[in-house]
Amino acid sequence: MAADVVGYSRLMGANEVATLERLQADQSELIGPSIAAHGGRVVKLTGDGLLAEFPSVVGAVESAVEIQRAMPDRNRDIPDDRRIQLRVGVNLGDVLVRDDDIFGDGVNVASRIEGRCPPGGIAVSAAVRDHVGNRLDLAFDDMGEQELKNIDRPVRLFNVVMNGRERSAGGAASDTAPAEDKPSIAVLPFTNMSDDREQEYFSDGITEDIITDLSKIGGLFVVGRHSSFAYKGKSENLGRIARELGVRFLLEGSVRKAANRIRVTGQLIDGQTGGHLWAERYDRDLTDIFAIQDEITRTIVEQLKVRLVPSERVSIAQAPTASVEAYTCYLQGRQFFHNATRFFLALARQMFVKATEIDPEFARAYAGIANCDSRLIGWYDEQVPEAELLANANKALELDPHLGEAHAARGDALSFLGHTGEAVESFEKALALDPNSFDINYLYARFCTREGMLEKAAELYTRALEIQPDDAQSPLMLQVILRSLGKVDESRRYGELGVKRAEESLRQHPEWSRPAQLAAASLAGMGKREEAIAWIDRVLAIDPDDSLSLYNLACTWAQLGDIERAFELLERWFPNAGVEKRMWLSNDADFDPLRDDPRFVRLLELAAPHHAV
């Protein structure tokens with residue numbers, strides 16, 4: 001018997017710590033005991049699966065069925081995109097035993113069989129089906145002869161139906177394959193076919209909007225933007241990508257924009273068979289871009305036989321703006337916003353403002369301005385007048401009361417103004433409207449951290465990390481919070497994950513010092529002094545004068561117990577610091593070693609007149 005975890009790479013990328021913990025629990029509480037109870041033994045465990053052998057083919061199938069029937073209950077309270085599902089293959093054949101390991105053709109066939117069954121299902125060879133016969137209350141759906149990789153002959157395969165003799169529409173038991181009840185799809189980044197590489201933002205923007213529209217449909221499971229964009233330019237093996245993302249279907253395409261014309265192609269692919277279910281090319285005026293997106297979304301829904309409720313029909317048909325020029329500015333702004341440095345946030349804000357000047361009714365652009373303001377204030381201490389702080393979020397909500405990002409930006413603004421109760425209300429509305437938004441979960445988590453709501457903050461940071469697996473911020477925050485909650489081992493694991501994410505992020509954005517700031521603090525928290533200092537040096541090489549960098553490095557030196565270096569950076573930081581400096585200095589636990597130093601008291605006194613919140 002061979003088994004592996006569906007979408008293992010995606011699950012690990014989203015939340016390595018939680019995935020490993022759930023997988024270890026499944027192995028120790030269900031899988032291992034079931035195999036042993038039916039006379040089998042686990043030969044080897046790999047990161048994403050296992051290999052087991054049994055003295056009886058009936059025992060092997062009974063164990064596989066027992067495991068797959070129990071998994072839905074273990075996943076019952078876990079969101080669809082975080083569930084651990086297994087594929088299981090069973091084969092009957094001779095094996096070679098060497099040093100407690102097993103080899104041979106029988107093992108190879110079992111490993112290839114499990115890749116052909118649906119998530120939550122069991123596939124078996126004809127030899128297994130013939131030996132089991134009528135001895136178990138199971139039915140078998142004939143899949144025909146299959147060509148298996150590196151196997152020199154076709155193998156006839158059967159799907160096991162576990163609900164007695166009643167077959168589901170897809171051939172697998174409906175209670176063991178929840179992902180088959182809800183079609184699963186990933187939208188791969190559309191290729192920019194324009195001569196101008198600067199048009200990349202446009203093809204990425206169209207991809208992101210199609211993901212957003214599909215995510216609004218309750219009958220679909222849609223992989224988030226960041227998981228999909230990890231495969232940008234890597235679509236040569238679609239079957240592997242589908243398996244790694246844990247989806248059945250893939251949408252890929254291309255965009256060519258020239259003058260006032262646009263050509264968009266789209267292909268819907270079955271990730272299991274590699275077959276094309278639908279393909280289309282749209283040659284239109286640029287003004288038809290919203291109609292094209294709507295047609296692609298509706299076609300996917302029709303192809304996957306998903307029934308739309310009336311509100312979903314209205315939602316996906318609603319164009320964000322009537323102006324292609326405003327939409328183009330908005331897409332450029334959103335591309336800048338994803339880079340998230342101070343410089344790029346300022347550029348993003350400019351493009352969002354330009355979009356509202358072209359179309360004063362463009363709600364998402366006003367929300368974009370509000371989100372930029374929130375990050376510029378929260379991360380970089382920008383000075384924004386109180387009236388402006390709420391105005392853009394309120395304008396977005398006036399135009400579209402159901403825009404989750406606008407509610408979140410309003411909640412963040414309210415929190416800076418000290419209106420805690422109203423901020424919670426806005427964040428909860430935002431989360432109810434758009435639970436799959438990284439920014440909403442992250443902003444709410446940051447607010448909860450400031451308010452001392454650590455359990456809630458940990459839950460939200462965990463969700464943010466699942467949505468945006470390459471985020472380097474959430475692991476560090478989880479490290480600090482879990483350490484405060486006394487969960488030392490879990491805290492350390494998140495710290496190690498945070499350093500790994502920071503390294504990856506810095507490779508992608510060598511101009512952005514924030515990942516290095518976070519890694520330095522994380523390593524200091526784990527007591528790794530020399531490594532932390534190396535990361536401090538990297539920060540200063542990238543951003544020697546940035547106020548947030550100086551403050552965070554001062555925190556790190558304080559953690560490392562080097563008071564002189566901490567004060568050196570604090571004194572450089574202080575003249576450039578903004579509205580929150582007194583709150584930071586007086587509340588930050590990293591400064592505990594400094595509190596009795598008269599220089600620290602003097603900094604608090606100097607900060608007091610500038611403290612506006």
# chains A, B, ... in the order shown; residues from 1 in each chain; ligands from 1
$ residues_around --residues "segment 262-265 of chain A" --least-positions-apart "6" --cutoff "9 Å" --atoms "only C-alpha atoms" --output "list in words"
Phe190, Glu252, Gly253, Ser254, Val255, Arg256, Ala279, Glu280, Arg281, Tyr282, Asp283, Arg284, Asp285, Leu286, Thr287, Asp288, Ile289 and Ile292 of chain A
$ write_last_selection --atoms "C-alpha atoms" --output "PDB file, in the first residue's frame"
ATOM      1  CA  PHE A 190      -1.469  34.517 -17.538  1.00  0.00           C
ATOM      2  CA  GLU A 252      -3.885  28.998 -17.962  1.00  0.00           C
ATOM      3  CA  GLY A 253      -3.757  31.658 -20.621  1.00  0.00           C
ATOM      4  CA  SER A 254      -2.041  34.656 -22.141  1.00  0.00           C
ATOM      5  CA  VAL A 255      -2.623  38.365 -22.691  1.00  0.00           C
ATOM      6  CA  ARG A 256      -1.419  40.564 -25.548  1.00  0.00           C
ATOM      7  CA  ALA A 279     -10.081  26.716 -24.998  1.00  0.00           C
ATOM      8  CA  GLU A 280     -10.945  30.121 -26.433  1.00  0.00           C
ATOM      9  CA  ARG A 281      -9.305  33.194 -27.915  1.00  0.00           C
ATOM     10  CA  TYR A 282     -10.773  36.668 -27.530  1.00  0.00           C
ATOM     11  CA  ASP A 283      -9.744  39.433 -29.949  1.00  0.00           C
ATOM     12  CA  ARG A 284     -11.505  42.567 -28.760  1.00  0.00           C
ATOM     13  CA  ASP A 285     -11.271  46.278 -28.171  1.00  0.00           C
ATOM     14  CA  LEU A 286      -9.521  47.090 -24.908  1.00  0.00           C
ATOM     15  CA  THR A 287     -12.805  48.434 -23.553  1.00  0.00           C
ATOM     16  CA  ASP A 288     -14.164  44.860 -23.606  1.00  0.00           C
ATOM     17  CA  ILE A 289     -11.685  43.615 -20.980  1.00  0.00           C
ATOM     18  CA  ILE A 292     -13.840  39.001 -21.409  1.00  0.00           C
TER      19      ILE A 292
END
$ select_by_dssp --residues "segment 227-433 of chain A" --states "alpha helix (DSSP H)" --output "ChimeraX atom specification"
/A:227-229,238-245,289-303,310-317,324-339,342-358,363-380,386-399,404-416,420-433
$ residues_around --residues "segment 73-90 of chain A" --least-positions-apart "5" --cutoff "7 Å" --atoms "only C-alpha atoms" --output "PyMOL selection string"
chain A and resi 1-6+11+64+110-111+113-115+117-125
$ residues_around --residues "Ala396 of chain A" --least-positions-apart "2" --cutoff "7 Å" --atoms "only C-alpha atoms" --output "PDB file with N, CA and C atoms, in the first residue's frame"
ATOM      1  N   ALA A 363     -14.662  52.405  -6.373  1.00  0.00           N
ATOM      2  CA  ALA A 363     -14.559  52.090  -4.942  1.00  0.00           C
ATOM      3  C   ALA A 363     -13.248  51.398  -4.581  1.00  0.00           C
ATOM      4  N   ARG A 364     -12.819  50.437  -5.378  1.00  0.00           N
ATOM      5  CA  ARG A 364     -11.611  49.669  -5.050  1.00  0.00           C
ATOM      6  C   ARG A 364     -10.368  50.559  -5.046  1.00  0.00           C
ATOM      7  N   TYR A 366     -10.317  53.785  -4.095  1.00  0.00           N
ATOM      8  CA  TYR A 366     -10.338  54.495  -2.802  1.00  0.00           C
ATOM      9  C   TYR A 366      -9.875  53.564  -1.681  1.00  0.00           C
ATOM     10  N   ALA A 367     -10.301  52.298  -1.738  1.00  0.00           N
ATOM     11  CA  ALA A 367      -9.847  51.331  -0.731  1.00  0.00           C
ATOM     12  C   ALA A 367      -8.346  51.123  -0.836  1.00  0.00           C
ATOM     13  N   ASN A 392     -10.923  58.135   2.846  1.00  0.00           N
ATOM     14  CA  ASN A 392     -10.885  57.264   1.674  1.00  0.00           C
ATOM     15  C   ASN A 392     -11.592  55.932   1.919  1.00  0.00           C
ATOM     16  N   ALA A 393     -11.408  55.380   3.130  1.00  0.00           N
ATOM     17  CA  ALA A 393     -12.120  54.146   3.458  1.00  0.00           C
ATOM     18  C   ALA A 393     -13.625  54.388   3.478  1.00  0.00           C
ATOM     19  N   ASN A 394     -14.043  55.500   4.056  1.00  0.00           N
ATOM     20  CA  ASN A 394     -15.479  55.820   4.098  1.00  0.00           C
ATOM     21  C   ASN A 394     -16.036  56.030   2.695  1.00  0.00           C
ATOM     22  N   GLU A 398     -18.989  53.951   0.976  1.00  0.00           N
ATOM     23  CA  GLU A 398     -20.167  54.659   0.467  1.00  0.00           C
ATOM     24  C   GLU A 398     -20.510  54.150  -0.939  1.00  0.00           C
ATOM     25  N   LEU A 399     -19.465  53.890  -1.749  1.00  0.00           N
ATOM     26  CA  LEU A 399     -19.669  53.411  -3.119  1.00  0.00           C
ATOM     27  C   LEU A 399     -19.957  51.915  -3.166  1.00  0.00           C
ATOM     28  N   ASP A 400     -19.338  51.145  -2.254  1.00  0.00           N
ATOM     29  CA  ASP A 400     -19.526  49.683  -2.225  1.00  0.00           C
ATOM     30  C   ASP A 400     -19.462  49.203  -0.778  1.00  0.00           C
ATOM     31  N   ALA A 406     -12.005  47.644   2.221  1.00  0.00           N
ATOM     32  CA  ALA A 406     -12.339  48.983   2.709  1.00  0.00           C
ATOM     33  C   ALA A 406     -12.706  48.944   4.194  1.00  0.00           C
TER      34      ALA A 406
END
$ residues_around --residues "segment 471-484 of chain A" --least-positions-apart "2" --cutoff "9 Å" --atoms "only C-alpha atoms" --output "ChimeraX atom specification"
/A:442,446,449,454-455,457-458,461-462,464-465,468-469,486-505,514-515,518-519,521-522,525
$ write_last_selection --atoms "N, CA and C atoms" --output "compact mmCIF listing (two decimals), in the first residue's frame"
# COMPACT_ATOMS: atom_id res chain seq x y z
N TYR A 442 -4.00 39.95 8.22
CA TYR A 442 -2.77 40.49 8.79
C TYR A 442 -3.04 41.78 9.58
N ARG A 446 -2.46 42.28 13.55
CA ARG A 446 -1.58 43.31 14.11
C ARG A 446 -2.31 44.16 15.14
N THR A 449 -2.64 42.17 18.33
CA THR A 449 -1.35 42.14 19.05
C THR A 449 -1.18 43.41 19.87
N LEU A 454 -3.77 38.06 22.36
CA LEU A 454 -2.74 37.24 21.74
C LEU A 454 -3.27 35.96 21.10
N GLU A 455 -4.23 35.30 21.74
CA GLU A 455 -4.79 34.08 21.15
C GLU A 455 -5.44 34.37 19.80
N ALA A 457 -4.81 36.97 17.91
CA ALA A 457 -3.75 37.39 16.99
C ALA A 457 -3.05 36.18 16.38
N ALA A 458 -2.77 35.16 17.21
CA ALA A 458 -2.10 33.96 16.70
C ALA A 458 -2.96 33.26 15.65
N TYR A 461 -2.77 35.50 12.42
CA TYR A 461 -1.47 35.41 11.76
C TYR A 461 -1.30 34.05 11.08
N THR A 462 -1.78 33.00 11.74
CA THR A 462 -1.70 31.66 11.15
C THR A 462 -2.48 31.61 9.84
N ALA A 464 -3.24 34.20 7.94
CA ALA A 464 -2.54 35.06 6.97
C ALA A 464 -1.40 34.30 6.30
N LEU A 465 -0.68 33.52 7.08
CA LEU A 465 0.44 32.75 6.55
C LEU A 465 -0.04 31.66 5.60
N GLN A 468 -0.88 33.55 2.32
CA GLN A 468 0.31 34.08 1.65
C GLN A 468 1.53 33.34 2.18
N PRO A 469 1.81 32.14 1.63
CA PRO A 469 2.85 31.28 2.19
C PRO A 469 4.24 31.90 2.20
N GLY A 486 3.88 30.97 26.26
CA GLY A 486 4.53 29.82 26.89
C GLY A 486 4.70 28.62 25.99
N LYS A 487 4.43 28.77 24.68
CA LYS A 487 4.56 27.65 23.73
C LYS A 487 5.92 27.74 23.06
N VAL A 488 6.96 27.35 23.80
CA VAL A 488 8.34 27.60 23.41
C VAL A 488 8.73 26.82 22.16
N ASP A 489 8.41 25.53 22.10
CA ASP A 489 8.82 24.71 20.95
C ASP A 489 8.15 25.19 19.67
N GLU A 490 6.86 25.47 19.77
CA GLU A 490 6.13 25.95 18.60
C GLU A 490 6.67 27.31 18.17
N SER A 491 7.00 28.16 19.15
CA SER A 491 7.56 29.47 18.87
C SER A 491 8.86 29.34 18.08
N ARG A 492 9.70 28.43 18.50
CA ARG A 492 10.99 28.25 17.83
C ARG A 492 10.80 27.77 16.39
N ARG A 493 9.86 26.86 16.19
CA ARG A 493 9.61 26.36 14.82
C ARG A 493 9.18 27.49 13.90
N TYR A 494 8.31 28.38 14.42
CA TYR A 494 7.91 29.52 13.60
C TYR A 494 9.08 30.47 13.37
N GLY A 495 9.96 30.60 14.35
CA GLY A 495 11.14 31.44 14.16
C GLY A 495 12.01 30.91 13.04
N GLU A 496 12.24 29.61 13.02
CA GLU A 496 13.04 28.99 11.95
C GLU A 496 12.36 29.16 10.60
N LEU A 497 11.03 29.01 10.58
CA LEU A 497 10.28 29.21 9.34
C LEU A 497 10.39 30.66 8.88
N GLY A 498 10.34 31.60 9.84
CA GLY A 498 10.43 33.01 9.50
C GLY A 498 11.75 33.36 8.84
N VAL A 499 12.85 32.79 9.36
CA VAL A 499 14.17 33.05 8.77
C VAL A 499 14.23 32.50 7.35
N LYS A 500 13.67 31.31 7.16
CA LYS A 500 13.66 30.71 5.81
C LYS A 500 12.84 31.57 4.84
N ARG A 501 11.68 32.02 5.30
CA ARG A 501 10.83 32.88 4.45
C ARG A 501 11.54 34.21 4.15
N ALA A 502 12.24 34.75 5.13
CA ALA A 502 12.96 36.02 4.92
C ALA A 502 14.04 35.85 3.87
N GLU A 503 14.75 34.73 3.92
CA GLU A 503 15.79 34.46 2.92
C GLU A 503 15.19 34.40 1.53
N GLU A 504 14.05 33.71 1.40
CA GLU A 504 13.38 33.61 0.10
C GLU A 504 12.89 34.98 -0.37
N SER A 505 12.33 35.75 0.55
CA SER A 505 11.79 37.05 0.20
C SER A 505 12.90 38.00 -0.24
N ARG A 514 13.06 44.84 4.88
CA ARG A 514 12.17 44.34 5.94
C ARG A 514 12.36 42.85 6.24
N PRO A 515 12.49 41.97 5.23
CA PRO A 515 12.73 40.56 5.58
C PRO A 515 13.98 40.37 6.44
N LEU A 518 13.28 41.34 10.04
CA LEU A 518 12.51 40.31 10.72
C LEU A 518 13.37 39.10 11.07
N ALA A 519 14.25 38.71 10.13
CA ALA A 519 15.12 37.57 10.40
C ALA A 519 16.07 37.86 11.54
N ALA A 521 15.60 39.87 14.11
CA ALA A 521 14.85 39.80 15.36
C ALA A 521 14.51 38.35 15.73
N SER A 522 14.16 37.55 14.71
CA SER A 522 13.81 36.16 14.96
C SER A 522 15.00 35.38 15.51
N GLY A 525 15.76 36.30 19.02
CA GLY A 525 14.81 35.66 19.93
C GLY A 525 15.14 34.20 20.19
$ closest_residue --among "A:Ala230, A:Ile185, A:Ala430, A:Leu397" --to "Gly246 of chain A" --atoms "only C-alpha atoms"
A:Ile185
$ select_by_dssp --residues "segment 186-403 of chain A" --states "strand (DSSP E or B)" --output "CSV table (one decimal) with N, CA and C atoms, in the first residue's frame"
chain,number,residue,atom,x,y,z
A,186,ALA,N,-7.0,25.9,-9.9
A,186,ALA,CA,-6.0,27.0,-9.7
A,186,ALA,C,-5.9,27.7,-11.0
A,187,VAL,N,-5.8,29.1,-10.9
A,187,VAL,CA,-5.6,29.9,-12.0
A,187,VAL,C,-4.1,30.3,-12.1
A,191,THR,N,0.3,34.6,-19.2
A,191,THR,CA,1.6,35.0,-19.8
A,191,THR,C,1.4,36.3,-20.5
A,192,ASN,N,2.3,37.2,-20.3
A,192,ASN,CA,2.3,38.5,-21.0
A,192,ASN,C,3.0,38.3,-22.3
A,221,PHE,N,-13.7,25.4,-5.0
A,221,PHE,CA,-12.5,25.6,-4.2
A,221,PHE,C,-11.5,26.2,-5.1
A,222,VAL,N,-11.0,27.4,-4.8
A,222,VAL,CA,-10.0,28.2,-5.6
A,222,VAL,C,-8.8,28.4,-4.8
A,249,PHE,N,-8.4,20.9,-11.5
A,249,PHE,CA,-8.5,21.7,-12.8
A,249,PHE,C,-7.5,22.9,-12.7
A,250,LEU,N,-7.0,23.2,-13.9
A,250,LEU,CA,-6.1,24.4,-14.0
A,250,LEU,C,-6.6,25.3,-15.1
A,251,LEU,N,-6.5,26.6,-14.9
A,251,LEU,CA,-6.8,27.5,-16.0
A,251,LEU,C,-5.5,28.3,-16.3
A,252,GLU,N,-5.1,28.2,-17.6
A,252,GLU,CA,-3.9,29.0,-18.0
A,252,GLU,C,-4.3,29.8,-19.2
A,253,GLY,N,-3.4,30.8,-19.5
A,253,GLY,CA,-3.8,31.7,-20.6
A,253,GLY,C,-2.7,32.7,-20.9
A,254,SER,N,-3.0,33.6,-21.8
A,254,SER,CA,-2.0,34.7,-22.1
A,254,SER,C,-2.8,35.9,-22.5
A,255,VAL,N,-2.1,37.0,-22.4
A,255,VAL,CA,-2.6,38.4,-22.7
A,255,VAL,C,-1.7,39.1,-23.6
A,256,ARG,N,-2.2,39.7,-24.7
A,256,ARG,CA,-1.4,40.6,-25.5
A,256,ARG,C,-2.2,41.9,-25.7
A,257,LYS,N,-1.6,43.0,-25.2
A,257,LYS,CA,-2.2,44.3,-25.3
A,257,LYS,C,-1.4,45.2,-26.2
A,258,ALA,N,-2.1,45.8,-27.2
A,258,ALA,CA,-1.4,46.6,-28.1
A,258,ALA,C,-2.3,47.7,-28.5
A,261,ARG,N,-6.3,47.5,-28.6
A,261,ARG,CA,-6.8,46.1,-28.9
A,261,ARG,C,-6.2,45.2,-27.8
A,262,ILE,N,-6.9,44.1,-27.5
A,262,ILE,CA,-6.4,43.1,-26.6
A,262,ILE,C,-6.7,41.8,-27.1
A,263,ARG,N,-5.8,40.8,-26.9
A,263,ARG,CA,-6.1,39.4,-27.2
A,263,ARG,C,-5.8,38.6,-26.0
A,264,VAL,N,-6.8,37.9,-25.5
A,264,VAL,CA,-6.8,37.0,-24.3
A,264,VAL,C,-7.1,35.6,-24.8
A,265,THR,N,-6.2,34.7,-24.4
A,265,THR,CA,-6.5,33.2,-24.6
A,265,THR,C,-6.7,32.6,-23.3
A,266,GLY,N,-7.5,31.5,-23.2
A,266,GLY,CA,-7.7,30.8,-22.0
A,266,GLY,C,-7.9,29.3,-22.3
A,267,GLN,N,-7.3,28.4,-21.5
A,267,GLN,CA,-7.5,27.0,-21.6
A,267,GLN,C,-7.8,26.4,-20.2
A,268,LEU,N,-8.8,25.6,-20.2
A,268,LEU,CA,-9.2,24.9,-18.9
A,268,LEU,C,-8.7,23.4,-19.1
A,269,ILE,N,-7.9,23.0,-18.1
A,269,ILE,CA,-7.2,21.7,-18.3
A,269,ILE,C,-7.6,20.8,-17.1
A,270,ASP,N,-7.8,19.5,-17.4
A,270,ASP,CA,-8.0,18.5,-16.3
A,270,ASP,C,-6.6,18.1,-15.9
A,276,HIS,N,-7.7,18.9,-22.5
A,276,HIS,CA,-8.2,20.3,-22.5
A,276,HIS,C,-9.8,20.2,-22.6
A,277,LEU,N,-10.4,20.8,-21.6
A,277,LEU,CA,-11.9,20.8,-21.5
A,277,LEU,C,-12.5,21.9,-22.3
A,278,TRP,N,-11.7,23.0,-22.4
A,278,TRP,CA,-12.2,24.2,-23.1
A,278,TRP,C,-11.0,25.1,-23.5
A,279,ALA,N,-11.1,25.7,-24.6
A,279,ALA,CA,-10.1,26.7,-25.0
A,279,ALA,C,-10.8,27.8,-25.9
A,280,GLU,N,-10.3,29.0,-25.7
A,280,GLU,CA,-10.9,30.1,-26.4
A,280,GLU,C,-9.9,31.2,-26.6
A,281,ARG,N,-10.1,32.0,-27.7
A,281,ARG,CA,-9.3,33.2,-27.9
A,281,ARG,C,-10.2,34.4,-28.1
A,282,TYR,N,-9.9,35.5,-27.4
A,282,TYR,CA,-10.8,36.7,-27.5
A,282,TYR,C,-9.9,37.8,-28.2
A,283,ASP,N,-10.4,38.3,-29.3
A,283,ASP,CA,-9.7,39.4,-29.9
A,283,ASP,C,-10.7,40.6,-29.9
A,284,ARG,N,-10.5,41.5,-29.0
A,284,ARG,CA,-11.5,42.6,-28.8
A,284,ARG,C,-10.8,43.9,-28.6
A,285,ASP,N,-11.7,45.0,-28.6
A,285,ASP,CA,-11.3,46.3,-28.2
A,285,ASP,C,-10.9,46.2,-26.7
$ residues_around --residues "segment 195-210 of chain A" --least-positions-apart "4" --cutoff "7 Å" --atoms "only C-alpha atoms" --output "list of chain:residue names"
A:Pro189, A:Phe190, A:Thr191, A:Leu214, A:Arg225, A:Val255, A:Gln293, A:Thr297, A:Leu331, A:Gln332, A:Gln335
$ residues_around --residues "segment 101-109 of chain A" --least-positions-apart "3" --cutoff "9 Å" --atoms "only C-alpha atoms" --output "PyMOL selection string"
chain A and resi 1-2+43-44+51+53+89-98+112-114+125+148+150-151+155
$ write_last_selection --atoms "N, CA and C atoms" --output "compact mmCIF listing (two decimals), in the first residue's frame"
# COMPACT_ATOMS: atom_id res chain seq x y z
N MET A 1 0.85 -1.18 0.00
CA MET A 1 0.00 0.00 0.00
C MET A 1 0.89 1.24 0.00
N ALA A 2 0.62 2.14 -0.96
CA ALA A 2 1.34 3.41 -1.03
C ALA A 2 0.33 4.54 -0.83
N VAL A 43 6.75 0.43 6.18
CA VAL A 43 8.12 0.20 5.73
C VAL A 43 8.92 1.49 5.78
N LYS A 44 8.30 2.58 5.29
CA LYS A 44 9.01 3.87 5.32
C LYS A 44 8.00 5.00 5.32
N LEU A 51 4.88 4.02 2.72
CA LEU A 51 4.80 2.72 2.05
C LEU A 51 4.63 1.66 3.13
N GLU A 53 3.53 -2.73 3.91
CA GLU A 53 3.30 -4.06 3.34
C GLU A 53 2.41 -4.87 4.30
N GLY A 89 -2.93 3.84 -3.01
CA GLY A 89 -2.88 2.81 -4.04
C GLY A 89 -2.50 1.48 -3.43
N VAL A 90 -3.18 0.41 -3.86
CA VAL A 90 -2.89 -0.94 -3.34
C VAL A 90 -2.59 -1.86 -4.51
N ASN A 91 -1.50 -2.62 -4.41
CA ASN A 91 -1.12 -3.57 -5.45
C ASN A 91 -0.73 -4.89 -4.81
N LEU A 92 -0.90 -5.97 -5.55
CA LEU A 92 -0.50 -7.31 -5.10
C LEU A 92 0.65 -7.76 -5.98
N GLY A 93 1.78 -8.06 -5.37
CA GLY A 93 2.94 -8.49 -6.15
C GLY A 93 4.08 -8.89 -5.25
N ASP A 94 5.10 -9.55 -5.85
CA ASP A 94 6.28 -9.97 -5.09
C ASP A 94 7.14 -8.76 -4.75
N VAL A 95 7.83 -8.84 -3.60
CA VAL A 95 8.73 -7.76 -3.19
C VAL A 95 10.06 -8.37 -2.77
N LEU A 96 11.10 -7.56 -2.85
CA LEU A 96 12.41 -7.92 -2.34
C LEU A 96 12.61 -7.18 -1.02
N VAL A 97 13.08 -7.88 0.00
CA VAL A 97 13.29 -7.28 1.31
C VAL A 97 14.78 -7.13 1.55
N ARG A 98 15.19 -5.92 1.95
CA ARG A 98 16.60 -5.68 2.25
C ARG A 98 16.69 -4.63 3.35
N ARG A 112 2.76 4.04 -8.35
CA ARG A 112 2.18 4.71 -9.51
C ARG A 112 0.65 4.70 -9.46
N ILE A 113 0.07 3.65 -8.88
CA ILE A 113 -1.40 3.54 -8.80
C ILE A 113 -1.98 4.67 -7.96
N GLU A 114 -1.36 4.97 -6.82
CA GLU A 114 -1.97 5.97 -5.93
C GLU A 114 -2.07 7.34 -6.59
N SER A 125 -5.03 -2.35 -8.21
CA SER A 125 -4.78 -3.08 -9.45
C SER A 125 -5.82 -4.18 -9.63
N LEU A 148 1.39 3.50 -16.91
CA LEU A 148 1.99 4.06 -15.71
C LEU A 148 3.46 4.36 -15.97
N ASN A 150 7.25 4.55 -16.08
CA ASN A 150 8.33 3.60 -15.81
C ASN A 150 7.87 2.17 -15.58
N ILE A 151 6.62 1.88 -15.93
CA ILE A 151 6.11 0.50 -15.89
C ILE A 151 5.95 0.05 -17.33
N VAL A 155 -1.51 -1.37 -16.94
CA VAL A 155 -2.06 -1.98 -15.72
C VAL A 155 -3.52 -1.61 -15.62
$ atom_distance --atom1 "atom CA of Ser9 of chain A" --atom2 "atom CA of Asp439 of chain A"
22.8 Å
